[in-house]
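Participant: Supplied structure: my_file_0.txt, compact mmCIF, C-alpha atoms.
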```txt
# COMPACT_ATOMS: atom_id res chain seq x y z
CA MET A 16 31.41 -18.09 -10.21
CA THR A 17 29.22 -18.85 -7.21
CA MET A 18 25.69 -17.74 -6.55
CA ASN A 19 24.22 -16.83 -3.20
CA HIS A 20 20.80 -18.13 -2.26
CA HIS A 21 19.19 -15.07 -3.84
CA GLY A 22 20.68 -15.87 -7.23
CA GLN A 23 23.20 -12.97 -7.26
CA PRO A 24 26.82 -13.31 -8.41
CA GLY A 25 29.45 -13.44 -5.72
CA GLY A 26 26.96 -13.02 -2.89
CA GLN A 27 26.62 -9.27 -3.56
CA PRO A 28 23.14 -7.77 -3.26
CA ASN A 29 21.65 -6.01 -6.23
CA PRO A 30 22.18 -2.29 -5.55
CA ARG A 31 19.21 -1.28 -7.72
CA PRO A 32 16.62 -4.06 -7.32
CA TYR A 33 13.76 -2.02 -8.76
CA LEU A 34 15.37 -2.11 -12.21
CA GLU A 35 13.36 -5.33 -12.50
CA PRO A 36 10.17 -4.33 -14.34
CA GLY A 37 7.10 -4.29 -12.13
CA ALA A 38 8.92 -5.37 -8.96
CA ASN A 39 6.73 -3.04 -6.89
CA PRO A 40 3.46 -3.47 -8.79
CA THR A 41 0.52 -2.27 -6.67
CA TRP A 42 -0.55 -0.85 -3.35
CA MET A 43 -1.33 -4.46 -2.37
CA GLY A 44 2.21 -5.68 -2.93
CA ARG A 45 4.41 -2.66 -2.30
CA VAL A 46 7.58 -3.48 -0.38
CA GLN A 47 10.39 -1.41 1.05
CA PRO A 48 13.50 -1.25 -1.18
CA ALA A 49 15.67 -2.45 1.71
CA ASN A 50 13.64 -5.67 1.92
CA TYR A 51 13.75 -6.51 -1.79
CA GLN A 52 15.74 -9.60 -2.77
CA GLN A 53 16.04 -11.32 -6.11
CA ALA A 54 14.52 -14.77 -6.46
CA PRO A 55 16.84 -17.76 -5.96
CA GLY A 56 18.36 -18.99 -9.22
CA ASN A 57 17.36 -22.39 -10.58
CA PRO A 58 20.40 -24.71 -10.42
CA ALA A 59 18.99 -26.74 -13.30
CA SER A 60 19.18 -23.72 -15.59
CA LEU A 61 22.56 -22.63 -14.17
CA PRO A 62 24.63 -25.84 -14.34
CA HIS A 63 27.97 -24.28 -13.44
CA GLN A 64 26.80 -22.49 -10.35
CA THR A 65 26.02 -23.56 -6.81
CA TRP A 66 23.03 -22.86 -4.66
CA ALA A 67 23.84 -22.14 -1.02
CA ILE A 68 20.94 -23.25 1.17
CA PRO A 69 20.55 -21.31 4.42
CA PRO A 70 20.44 -23.39 7.58
CA ALA A 71 17.00 -24.53 8.66
CA PRO A 72 15.51 -21.97 11.04
CA ARG A 73 14.23 -22.93 14.41
CA ARG A 74 10.71 -24.22 13.91
CA SER A 75 7.73 -23.74 16.21
CA MET A 76 4.86 -26.16 16.63
CA GLY A 77 2.92 -24.21 14.03
CA THR A 78 -0.81 -23.84 14.46
CA LEU A 79 -1.33 -27.03 16.50
CA PRO A 80 -1.43 -25.28 19.91
CA LEU A 81 -3.84 -22.71 18.47
CA VAL A 82 -6.19 -25.36 17.10
CA ILE A 83 -6.09 -27.43 20.31
CA GLY A 84 -6.60 -24.36 22.49
CA GLY A 85 -9.45 -23.20 20.25
CA ALA A 86 -11.15 -26.59 20.45
CA ILE A 87 -10.93 -26.63 24.25
CA LEU A 88 -12.25 -23.08 24.45
CA ALA A 89 -15.12 -23.88 22.07
CA LEU A 90 -16.15 -26.96 24.03
CA ALA A 91 -16.09 -25.00 27.27
CA SER A 92 -18.17 -22.26 25.64
CA LEU A 93 -20.79 -24.78 24.56
CA LEU A 94 -21.42 -25.57 28.24
CA LEU A 95 -22.81 -22.04 28.51
CA VAL A 96 -24.24 -21.58 25.00
CA LEU A 97 -26.24 -24.82 24.64
CA PRO A 98 -28.24 -24.45 27.89
CA PHE A 99 -28.95 -20.84 26.95
CA LEU A 100 -30.26 -21.84 23.50
CA LEU A 101 -32.35 -24.74 24.80
CA GLY A 102 -33.77 -22.60 27.59
CA ASN A 103 -35.01 -20.04 25.05
CA THR A 104 -36.11 -22.32 22.22
CA GLY A 105 -37.01 -25.70 23.69
CA ILE A 106 -36.08 -28.92 21.92
CA THR A 107 -38.45 -28.48 18.98
CA GLY A 108 -37.50 -24.84 18.42
CA PHE A 109 -33.82 -25.68 18.69
CA VAL A 110 -34.01 -28.46 16.09
CA ILE A 111 -36.05 -26.39 13.63
CA GLY A 112 -33.87 -23.34 14.22
CA PHE A 113 -30.72 -25.39 13.73
CA ILE A 114 -31.91 -26.79 10.39
CA ALA A 115 -33.19 -23.43 9.13
CA SER A 116 -29.93 -21.70 10.13
CA LEU A 117 -27.96 -24.02 7.87
CA ILE A 118 -29.41 -22.24 4.81
CA PRO A 119 -27.96 -18.72 5.38
CA LEU A 120 -24.82 -20.34 6.81
CA SER A 121 -24.30 -22.25 3.56
CA VAL A 122 -24.70 -19.06 1.53
CA VAL A 123 -22.05 -17.21 3.54
CA LEU A 124 -19.60 -20.13 3.63
CA LEU A 125 -19.96 -20.63 -0.13
CA THR A 126 -19.08 -16.97 -0.56
CA VAL A 127 -16.05 -17.45 1.71
CA ARG A 128 -14.94 -20.34 -0.47
CA LEU A 129 -15.23 -18.21 -3.61
CA ILE A 130 -13.23 -15.37 -2.04
CA ASP A 131 -10.61 -17.77 -0.69
CA ARG A 132 -10.25 -19.82 -3.87
CA TRP A 133 -7.17 -18.02 -5.21
CA GLU A 134 -4.94 -18.75 -2.21
CA PRO A 135 -6.90 -21.00 0.20
CA GLU A 136 -6.34 -20.73 3.92
CA PRO A 137 -5.66 -23.92 5.92
CA LYS A 138 -8.92 -25.68 6.76
CA ARG A 139 -7.89 -26.03 10.40
CA LEU A 140 -7.69 -22.23 10.73
CA LEU A 141 -11.04 -21.77 9.02
CA TRP A 142 -12.50 -24.31 11.42
CA PHE A 143 -10.95 -22.39 14.33
CA ALA A 144 -12.53 -19.17 13.00
CA PHE A 145 -15.96 -20.78 12.61
CA THR A 146 -16.01 -22.34 16.08
CA TRP A 147 -14.78 -19.09 17.59
CA GLY A 148 -17.75 -17.29 16.07
CA ALA A 149 -20.32 -20.01 16.77
CA ALA A 150 -19.33 -20.74 20.37
CA VAL A 151 -16.58 -18.60 21.92
CA SER A 152 -17.86 -15.20 20.80
CA ILE A 153 -21.42 -16.14 21.77
CA ALA A 154 -20.26 -17.20 25.24
CA GLY A 155 -18.26 -13.99 25.60
CA THR A 156 -21.31 -11.96 24.62
CA LEU A 157 -23.46 -13.74 27.21
CA LEU A 158 -20.86 -13.05 29.92
CA ILE A 159 -20.31 -9.36 29.11
CA GLN A 160 -23.91 -8.48 28.28
CA PRO A 161 -25.08 -8.20 31.93
CA VAL A 162 -22.47 -5.50 32.58
CA PHE A 163 -24.05 -3.30 29.93
CA ALA A 164 -27.51 -4.11 31.22
CA LEU A 165 -26.53 -2.42 34.51
CA ALA A 166 -25.73 0.78 32.59
CA ALA A 167 -28.86 0.70 30.41
CA PRO A 168 -31.63 3.26 31.01
CA THR A 169 -34.52 1.96 33.06
CA THR A 170 -37.03 4.75 32.39
CA SER A 171 -38.97 2.44 30.07
CA GLU A 172 -38.76 -0.97 28.51
CA GLU A 173 -38.48 0.66 25.10
CA ALA A 174 -35.45 2.75 26.16
CA PHE A 175 -33.79 -0.30 27.71
CA THR A 176 -34.33 -2.42 24.58
CA TYR A 177 -33.09 0.35 22.27
CA PHE A 178 -29.90 0.79 24.33
CA MET A 179 -29.17 -2.93 24.35
CA ALA A 180 -29.74 -3.20 20.59
CA THR A 181 -27.87 -0.11 19.42
CA VAL A 182 -25.13 0.22 22.05
CA GLN A 183 -24.59 -3.06 23.86
CA ALA A 184 -24.94 -5.47 20.93
CA PRO A 185 -22.61 -3.62 18.50
CA ILE A 186 -19.89 -3.08 21.10
CA VAL A 187 -19.94 -6.49 22.77
CA GLU A 188 -20.63 -8.66 19.73
CA GLU A 189 -18.06 -6.98 17.47
CA PHE A 190 -15.46 -7.08 20.23
CA THR A 191 -15.95 -10.80 20.93
CA LYS A 192 -16.03 -11.73 17.25
CA SER A 193 -13.01 -9.64 16.30
CA LEU A 194 -11.02 -10.95 19.25
CA GLY A 195 -10.79 -14.17 17.22
CA LEU A 196 -9.15 -12.18 14.41
CA LEU A 197 -6.59 -10.80 16.85
CA VAL A 198 -5.79 -14.31 18.07
CA LEU A 199 -5.33 -15.49 14.48
CA ILE A 200 -3.08 -12.62 13.41
CA LEU A 201 -0.88 -13.04 16.49
CA ALA A 202 -0.77 -16.85 16.67
CA ALA A 203 -0.97 -17.76 12.96
CA ARG A 204 0.63 -14.75 11.30
CA LYS A 205 2.23 -16.92 8.63
CA TYR A 206 -1.23 -17.42 7.13
CA PHE A 207 -2.55 -13.89 7.69
CA ASP A 208 -1.00 -12.23 4.65
CA GLY A 209 -3.25 -9.31 3.84
CA PRO A 210 -6.75 -7.85 3.46
CA VAL A 211 -8.19 -10.82 1.56
CA ASP A 212 -7.16 -13.17 4.36
CA GLY A 213 -8.59 -10.73 6.90
CA VAL A 214 -11.94 -10.72 5.09
CA VAL A 215 -11.96 -14.52 4.77
CA PHE A 216 -11.31 -15.09 8.47
CA ALA A 217 -13.75 -12.32 9.47
CA PHE A 218 -16.52 -13.69 7.27
CA THR A 219 -15.98 -17.18 8.69
CA ILE A 220 -16.14 -15.96 12.29
CA ALA A 221 -19.23 -13.90 11.47
CA ALA A 222 -20.86 -16.88 9.75
CA GLY A 223 -20.43 -18.93 12.93
CA PHE A 224 -21.81 -16.17 15.12
CA ALA A 225 -24.83 -15.58 12.86
CA PHE A 226 -25.48 -19.34 12.72
CA THR A 227 -25.86 -19.61 16.50
CA GLU A 228 -27.76 -16.34 16.73
CA ASN A 229 -30.16 -17.53 14.01
CA ILE A 230 -30.84 -20.73 15.95
CA LEU A 231 -31.88 -18.51 18.87
CA TYR A 232 -34.09 -16.19 16.81
CA PHE A 233 -35.69 -18.91 14.68
CA GLY A 234 -36.19 -21.31 17.58
CA ARG A 235 -37.62 -18.64 19.86
CA GLU A 236 -40.30 -17.79 17.30
CA ILE A 237 -41.31 -21.44 17.18
CA ALA A 238 -41.35 -21.74 20.99
CA SER A 239 -43.06 -18.51 22.04
CA SER A 240 -45.26 -17.32 19.17
CA THR A 241 -49.02 -17.81 19.08
CA ASP A 242 -48.70 -18.11 15.28
CA PRO A 243 -45.32 -19.85 14.93
CA GLY A 244 -45.64 -20.61 11.22
CA THR A 245 -46.25 -16.99 10.18
CA ASP A 246 -43.76 -15.51 12.62
CA PHE A 247 -41.10 -18.03 11.65
CA VAL A 248 -41.46 -17.18 7.93
CA ARG A 249 -41.23 -13.47 8.76
CA ILE A 250 -38.05 -13.79 10.83
CA PHE A 251 -36.50 -16.17 8.33
CA ILE A 252 -37.06 -13.73 5.45
CA LEU A 253 -35.60 -10.92 7.54
CA ARG A 254 -32.51 -12.77 8.75
CA GLY A 255 -32.03 -15.63 6.30
CA VAL A 256 -32.97 -13.94 3.02
CA MET A 257 -32.53 -10.18 3.44
CA SER A 258 -29.51 -10.11 5.73
CA PRO A 259 -27.41 -13.30 5.70
CA PHE A 260 -24.29 -11.15 5.19
CA ALA A 261 -25.04 -8.52 7.84
CA HIS A 262 -22.61 -9.85 10.46
CA ALA A 263 -20.09 -10.68 7.73
CA VAL A 264 -20.04 -7.09 6.49
CA PHE A 265 -19.76 -5.69 10.04
CA THR A 266 -16.85 -7.88 11.11
CA GLY A 267 -15.40 -7.86 7.60
CA THR A 268 -14.42 -4.21 8.04
CA THR A 269 -12.31 -5.15 11.05
CA GLY A 270 -10.75 -8.03 9.12
CA LEU A 271 -9.98 -5.73 6.20
CA ILE A 272 -8.16 -3.20 8.34
CA MET A 273 -6.27 -5.89 10.26
CA GLY A 274 -5.33 -7.47 6.93
CA PHE A 275 -3.70 -4.26 5.75
CA ALA A 276 -1.76 -4.15 9.02
CA ALA A 277 -0.59 -7.71 8.38
CA ARG A 278 1.17 -6.54 5.19
CA ARG A 279 3.76 -4.82 7.38
CA TRP A 280 4.03 -7.27 10.23
CA HIS A 281 4.44 -6.00 13.78
CA PRO A 282 2.46 -7.06 16.87
CA GLY A 283 1.82 -3.41 17.71
CA TYR A 284 0.28 -2.79 14.27
CA ALA A 285 -1.98 -5.81 14.74
CA VAL A 286 -3.31 -4.61 18.11
CA LEU A 287 -3.74 -1.04 16.85
CA ALA A 288 -5.57 -2.26 13.73
CA PHE A 289 -7.83 -4.39 15.95
CA PHE A 290 -9.07 -1.36 17.89
CA ILE A 291 -9.30 0.88 14.82
CA GLY A 292 -11.14 -1.82 12.89
CA LEU A 293 -13.73 -2.19 15.64
CA LEU A 294 -14.98 1.36 15.07
CA PRO A 295 -16.54 0.93 11.60
CA ALA A 296 -17.80 -2.54 12.54
CA MET A 297 -19.57 -1.20 15.62
CA PHE A 298 -20.94 1.76 13.68
CA LEU A 299 -22.39 -0.40 10.89
CA HIS A 300 -23.82 -2.83 13.42
CA SER A 301 -25.45 -0.05 15.42
CA ARG A 302 -26.80 1.55 12.26
CA TRP A 303 -28.39 -1.75 11.27
CA ASN A 304 -29.97 -2.35 14.67
CA SER A 305 -31.33 1.20 14.85
CA MET A 306 -33.51 0.83 11.75
CA GLY A 307 -37.12 1.11 12.89
CA GLN A 308 -40.41 1.87 11.20
CA ASP A 309 -38.68 2.93 7.98
CA PHE A 310 -36.79 -0.36 7.85
CA LEU A 311 -37.48 -1.18 4.20
CA VAL A 312 -36.57 2.32 3.00
CA GLU A 313 -33.31 2.34 4.97
CA TYR A 314 -32.58 -1.23 3.92
CA PHE A 315 -32.69 -0.43 0.20
CA VAL A 316 -31.26 3.10 0.44
CA VAL A 317 -28.45 2.43 2.95
CA GLN A 318 -27.82 -1.24 3.60
CA VAL A 319 -28.01 -2.58 0.04
CA PRO A 320 -25.49 0.00 -1.25
CA ILE A 321 -23.17 -0.85 1.66
CA PHE A 322 -23.35 -4.51 0.69
CA LEU A 323 -22.68 -3.70 -2.98
CA ILE A 324 -19.70 -1.53 -2.04
CA ALA A 325 -18.35 -4.40 0.08
CA ALA A 326 -18.79 -6.82 -2.84
CA VAL A 327 -16.99 -4.49 -5.27
CA GLY A 328 -14.20 -3.96 -2.75
CA ILE A 329 -13.68 -7.71 -2.34
CA ILE A 330 -13.56 -8.16 -6.13
CA LEU A 331 -10.92 -5.44 -6.41
CA LEU A 332 -8.89 -7.07 -3.63
CA ARG A 333 -9.03 -10.39 -5.47
CA VAL A 334 -7.87 -8.72 -8.69
CA ALA A 335 -4.96 -7.11 -6.86
CA GLU A 336 -4.11 -10.46 -5.27
CA GLY A 337 -3.95 -12.04 -8.72
CA LYS A 338 -1.70 -9.28 -10.04
CA LEU A 339 0.59 -9.71 -7.07
CA THR A 340 0.82 -13.47 -7.66
CA ARG A 341 1.65 -12.96 -11.34
CA GLN A 342 4.37 -10.42 -10.52
CA ARG A 343 6.09 -12.66 -7.98
CA LEU A 344 5.97 -15.62 -10.40
CA LEU A 345 7.51 -13.42 -13.10
CA GLU A 346 10.45 -12.86 -10.77
CA TYR A 347 10.86 -16.62 -10.44
CA ALA A 348 10.60 -16.91 -14.21
CA ARG A 349 13.55 -14.55 -14.57
CA ALA A 350 15.45 -16.86 -12.22
CA GLY A 351 14.72 -19.86 -14.44
CA TRP A 352 11.90 -21.60 -12.56
CA PHE A 353 8.98 -20.94 -14.92
CA THR A 354 8.46 -20.03 -18.55
CA PRO A 355 6.53 -16.85 -19.39
CA ALA A 356 3.67 -19.02 -20.66
CA GLU A 357 3.54 -20.86 -17.33
CA VAL A 358 3.36 -17.55 -15.46
CA GLU A 359 0.33 -16.53 -17.52
CA MET A 360 -1.20 -19.94 -16.87
CA LEU A 361 -0.55 -19.98 -13.11
CA GLY A 362 -0.88 -16.29 -12.31
CA THR A 363 -4.11 -15.29 -14.07
CA SER A 364 -7.71 -16.41 -13.63
CA ARG A 365 -8.13 -16.99 -17.36
CA GLY A 366 -4.92 -18.99 -17.54
CA ARG A 367 -5.96 -21.19 -14.63
CA ARG A 368 -9.36 -21.92 -16.16
CA GLN A 369 -7.81 -22.85 -19.48
CA ALA A 370 -5.15 -24.98 -17.78
CA LEU A 371 -7.73 -26.89 -15.75
CA ARG A 372 -9.88 -27.52 -18.84
CA TRP A 373 -6.85 -28.81 -20.73
CA ALA A 374 -5.73 -30.97 -17.79
CA SER A 375 -9.24 -32.39 -17.38
CA THR A 376 -9.20 -33.72 -20.94
CA ARG A 377 -6.05 -35.66 -20.05
CA GLY A 378 -7.24 -36.84 -16.65
CA ARG A 379 -4.68 -34.64 -14.85
CA ALA A 380 -6.98 -32.04 -13.27
CA ALA A 381 -5.94 -32.94 -9.71
CA GLN A 382 -2.27 -32.66 -10.64
CA MET A 383 -2.85 -29.29 -12.29
CA ARG A 384 -4.63 -28.01 -9.18
CA ALA A 385 -1.63 -29.12 -7.10
CA PHE A 386 0.72 -27.30 -9.51
CA ILE A 387 -1.38 -24.12 -9.27
CA LYS A 388 -1.58 -24.39 -5.48
CA GLY A 389 2.18 -24.92 -5.19
CA ALA A 390 2.98 -21.94 -7.42
CA THR A 391 0.57 -19.70 -5.51
CA ALA A 392 2.04 -20.74 -2.16
CA LEU A 393 5.49 -19.96 -3.57
CA ALA A 394 4.41 -16.49 -4.72
CA PHE A 395 2.91 -15.62 -1.34
CA THR A 396 5.96 -16.95 0.49
CA ARG A 397 8.07 -14.61 -1.61
CA GLN A 398 5.79 -11.72 -0.71
CA ARG A 399 6.32 -12.48 2.99
CA ILE A 400 10.09 -12.40 2.42
CA LEU A 401 9.90 -9.08 0.59
CA SER A 402 7.71 -7.68 3.36
CA GLY A 403 10.46 -8.46 5.88
CA ARG A 404 8.30 -10.91 7.85
CA ASP A 405 10.23 -13.74 9.55
CA VAL A 406 12.63 -13.76 6.60
CA PRO A 407 14.83 -16.79 7.56
CA VAL A 408 11.78 -18.99 8.14
CA HIS A 409 10.15 -18.00 4.89
CA GLN A 410 13.39 -18.30 2.90
CA HIS A 411 13.57 -21.90 4.02
CA ASP A 412 9.91 -22.39 3.06
CA GLU A 413 10.70 -20.82 -0.30
CA LEU A 414 13.42 -23.35 -1.03
CA GLU A 415 11.14 -26.21 -0.04
CA HIS A 416 8.44 -24.93 -2.42
CA LEU A 417 11.01 -24.53 -5.20
CA ARG A 418 12.18 -28.12 -4.78
CA GLU A 419 8.57 -29.27 -5.26
CA ILE A 420 7.85 -27.26 -8.41
CA PRO A 421 9.65 -29.56 -10.92
CA ALA A 422 7.85 -32.63 -9.54
CA LEU A 423 4.47 -30.88 -9.63
CA ARG A 424 5.08 -29.85 -13.24
CA ALA A 425 6.18 -33.36 -14.20
CA ALA A 426 3.04 -34.85 -12.63
CA VAL A 427 0.88 -32.69 -14.91
CA LEU A 428 2.81 -33.62 -18.04
CA GLN A 429 3.02 -37.38 -17.45
```
Let me see the file written as structure tokens.
Facilitator:
Amino acid sequence: MTMNHHGQPGGQPNPRPYLEPGANPTWMGRVQPANYQQAPGNPASLPHQTWAIPPAPRRSMGTLPLVIGGAILALASLLLVLPFLLGNTGITGFVIGFIASLIPLSVVLLTVRLIDRWEPEPKRLLWFAFTWGAAVSIAGTLLIQPVFALAAPTTSEEAFTYFMATVQAPIVEEFTKSLGLLVLILAARKYFDGPVDGVVFAFTIAAGFAFTENILYFGREIASSTDPGTDFVRIFILRGVMSPFAHAVFTGTTGLIMGFAARRWHPGYAVLAFFIGLLPAMFLHSRWNSMGQDFLVEYFVVQVPIFLIAAVGIILLRVAEGKLTRQRLLEYARAGWFTPAEVEMLGTSRGRRQALRWASTRGRAAQMRAFIKGATALAFTRQRILSGRDVPVHQHDELEHLREIPALRAAVLQ
């Protein structure tokens, strides 16, 4: 008897795939029945059967053009951004602002790392996201801002400033930041799997934007204030201590919505989600900038709860991501690739912690991390297949991951 590359006898599809327990586990991982396919069988556990490998799909150049194009765009943007910063801060203000801005930046990027730890995104794409926020979106804001200034009320300086803060800044800044998300979902869709990825990329872009903006605000206080020490401490507490995640939360809503659109891949969904996702981001941004004399009251009554809701939402997304990983690995276990104990080890946070502690005592922690990373990549590749996204490409990736699993396991056990 022969097996097709989905592990089914005689090449016939399973007419009732959802007889497999838990095959459609959560709202995070739900797939259409027509897209469901059983996991490829393990030839090592099925010695009398063959494994037909589909022909290699036509490959693109991957993310290399995106990274190169992003680097060129970022360098070109710096030609506009750096003179603007230096003109407003001076050399001393720029240096002090740069150093001080590293503190809130580190806090946000550490949070990104914690969120992204389960299924890490490629570093080159995170670097693209950061440079987009720190340079490209800033340059775009500087170019578009004068257009809004023409439409701003001129009855008083106060009215002009209020318009620019509550209308111009939310619209222009969220548009230029989120445009980086649209580029990523269209040009690197293989790595934009869902809402967690959307939040990770959005937070990284926002961290870059806030970093450059903080250099401006911190440096300007040093350069223009009659009491630079006091004013610098005040602005640092406001931006570096009380609101390091403000831009992350704003843009994170766009990333979240675009991430849900990425679950059911279609370019039209991505563009639609981009425009829909801008609305809550702009609203939150405008609400933040409109806080006035009652700033502290609104901060604790409105902004702190929003941040806590965002934190709880991210935790729930991570939990759902873990459940999805475990379910997909269970399907590979039924096909002979993992034992049930390995699924619990690789597909749960507790199992991973215990596995890494055990591997550390044997000097195999790096090998265990590679095993965990390989299994996670396999699970997410399967999810892309079941979502109907570039199925031939991801089926080939799936087989490549499966070939690596025995070697990764053996490296741990040596």
Participant: With all atoms listed in the file as the counted atoms, please give the residues lying no more than 9 Å from Thr266 (chain A), apart from itself and same-chain residues fewer than 4 positions off, as JSON, numbers by chain.
Facilitator: {"A": [189, 192, 193, 214, 217, 218, 220, 221, 261, 262, 270, 271, 292, 293, 295, 296, 297, 300]}
Participant: Could you please take those selected residues and save C-alpha atoms as a CSV table (one decimal), in the coordinates of the input?
Facilitator:
```csv
chain,number,residue,atom,x,y,z
A,189,GLU,CA,-18.1,-7.0,17.5
A,192,LYS,CA,-16.0,-11.7,17.2
A,193,SER,CA,-13.0,-9.6,16.3
A,214,VAL,CA,-11.9,-10.7,5.1
A,217,ALA,CA,-13.8,-12.3,9.5
A,218,PHE,CA,-16.5,-13.7,7.3
A,220,ILE,CA,-16.1,-16.0,12.3
A,221,ALA,CA,-19.2,-13.9,11.5
A,261,ALA,CA,-25.0,-8.5,7.8
A,262,HIS,CA,-22.6,-9.8,10.5
A,270,GLY,CA,-10.8,-8.0,9.1
A,271,LEU,CA,-10.0,-5.7,6.2
A,292,GLY,CA,-11.1,-1.8,12.9
A,293,LEU,CA,-13.7,-2.2,15.6
A,295,PRO,CA,-16.5,0.9,11.6
A,296,ALA,CA,-17.8,-2.5,12.5
A,297,MET,CA,-19.6,-1.2,15.6
A,300,HIS,CA,-23.8,-2.8,13.4
```
Participant: Distance CA of Ile329 (chain A)-CA of Arg367 (chain A), one decimal place?
Facilitator: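 Computed distance, CA of Ile329 (chain A) to CA of Arg367 (chain A), equals 19.8 Å.
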Participant: Go ahead and compute the interatomic distance for CA of Ala394 (chain A) and CA of Asn50 (chain A), in Å to one decimal.
Facilitator: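 Going from CA of Ala394 (chain A) over to CA of Asn50 (chain A), I get 15.7 Å.
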Participant: Please measure the separation of CA of Gly234 (chain A) and CA of Ala115 (chain A), giving the value in Å to one decimal.
Facilitator: 9.2 Å
Participant: Give me, as a ChimeraX atom specification, all polymer residues having an atom no more than 7 Å from Arg235 (chain A), counting only C-alpha atoms and skipping those fewer than 5 positions away in the same chain.
Facilitator: /A:103-104,108
Participant: Store the residues picked out above in a file with C-alpha atoms, as a tab-separated table (two decimals), in the frame of the given file.
Facilitator:
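Output (again_22.tsv):
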```tsv
chain	number	residue	atom	x	y	z
A	103	ASN	CA	-35.01	-20.04	25.05
A	104	THR	CA	-36.11	-22.32	22.22
A	108	GLY	CA	-37.50	-24.84	18.42
```
Participant: Applying 10 Å and all atoms listed in the file, which residues near region 247-254 of chain A remain after dropping the ones on its own chain fewer than 6 positions away? List them as an MDAnalysis selection string.
Facilitator: chainID A and resid 111:112 115:116 118:119 225 228:229 232:237 240 260:261
Participant: Keeping only C-alpha atoms, take the residues you just selected and write them out as a tab-separated table (two decimals), in the coordinates of the input.
Facilitator:
```tsv
chain	number	residue	atom	x	y	z
A	111	ILE	CA	-36.05	-26.39	13.63
A	112	GLY	CA	-33.87	-23.34	14.22
A	115	ALA	CA	-33.19	-23.43	9.13
A	116	SER	CA	-29.93	-21.70	10.13
A	118	ILE	CA	-29.41	-22.24	4.81
A	119	PRO	CA	-27.96	-18.72	5.38
A	225	ALA	CA	-24.83	-15.58	12.86
A	228	GLU	CA	-27.76	-16.34	16.73
A	229	ASN	CA	-30.16	-17.53	14.01
A	232	TYR	CA	-34.09	-16.19	16.81
A	233	PHE	CA	-35.69	-18.91	14.68
A	234	GLY	CA	-36.19	-21.31	17.58
A	235	ARG	CA	-37.62	-18.64	19.86
A	236	GLU	CA	-40.30	-17.79	17.30
A	237	ILE	CA	-41.31	-21.44	17.18
A	240	SER	CA	-45.26	-17.32	19.17
A	260	PHE	CA	-24.29	-11.15	5.19
A	261	ALA	CA	-25.04	-8.52	7.84
```
Participant: What's around Ala381 (chain A) at 10 Å? Count all atoms listed in the file, leave out sequence neighbours fewer than 5 positions away in its own chain, and write the answer as a VMD selection string.
Facilitator: chain A and resid 371 374 to 375 386 to 387 426 to 427
Participant: Could you check which of A:Phe298, A:Phe265, A:Phe310, A:Trp133 is closest to Arg341 (chain A), using all atoms listed in the file?
Facilitator: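 Checking each candidate against Arg341 (chain A), we get A:Trp133 as the closest.
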Participant: Which one is closest to Ala348 (chain A): A:Gln53, A:Thr107, A:Gln429, A:Thr227? Count all atoms listed in the file.
Facilitator: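 The answer is A:Gln53, which sits nearest to Ala348 (chain A).
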Participant: Which residues come within 9 Å of Ala370 (chain A), counting all atoms listed in the file, excluding same-chain residues fewer than 6 positions away, as a list in words?
Facilitator: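 Result of the neighbour search: Met360, Leu361, Ala380 and Met383 of chain A.
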Participant: Store the residues picked out above in a file with C-alpha atoms, as a PDB file, in the coordinates of the input.
Facilitator:
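The result, written out as selection_39.pdb:
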```pdb
ATOM      1  CA  MET A 360      -1.200 -19.940 -16.870  1.00  0.00           C
ATOM      2  CA  LEU A 361      -0.550 -19.980 -13.110  1.00  0.00           C
ATOM      3  CA  ALA A 380      -6.980 -32.040 -13.270  1.00  0.00           C
ATOM      4  CA  MET A 383      -2.850 -29.290 -12.290  1.00  0.00           C
TER       5      MET A 383
END
```
Participant: Since the input is missing atoms, can you rebuild N, CA and C atoms for region 295-302 of chain A and write them as a short mmCIF file (atom, residue, chain, number, x, y, z; two decimals), keeping the file's coordinate frame?
Facilitator:
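Saved the output as part-v8.cif:
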```cif
data_model
loop_
_atom_site.label_atom_id
_atom_site.label_comp_id
_atom_site.auth_asym_id
_atom_site.auth_seq_id
_atom_site.Cartn_x
_atom_site.Cartn_y
_atom_site.Cartn_z
N PRO A 295 -15.54 1.03 12.67
CA PRO A 295 -16.54 0.93 11.60
C PRO A 295 -17.46 -0.27 11.77
N ALA A 296 -16.95 -1.36 12.32
CA ALA A 296 -17.80 -2.54 12.54
C ALA A 296 -18.92 -2.22 13.53
N MET A 297 -18.56 -1.57 14.62
CA MET A 297 -19.57 -1.20 15.62
C MET A 297 -20.56 -0.19 15.05
N PHE A 298 -20.06 0.76 14.26
CA PHE A 298 -20.94 1.76 13.68
C PHE A 298 -21.95 1.12 12.73
N LEU A 299 -21.49 0.26 11.84
CA LEU A 299 -22.39 -0.40 10.89
C LEU A 299 -23.40 -1.28 11.62
N HIS A 300 -22.93 -1.97 12.64
CA HIS A 300 -23.82 -2.83 13.42
C HIS A 300 -24.89 -2.01 14.13
N SER A 301 -24.49 -0.90 14.74
CA SER A 301 -25.45 -0.05 15.42
C SER A 301 -26.44 0.57 14.43
N ARG A 302 -25.92 0.96 13.28
CA ARG A 302 -26.80 1.55 12.26
C ARG A 302 -27.84 0.54 11.81
#
```
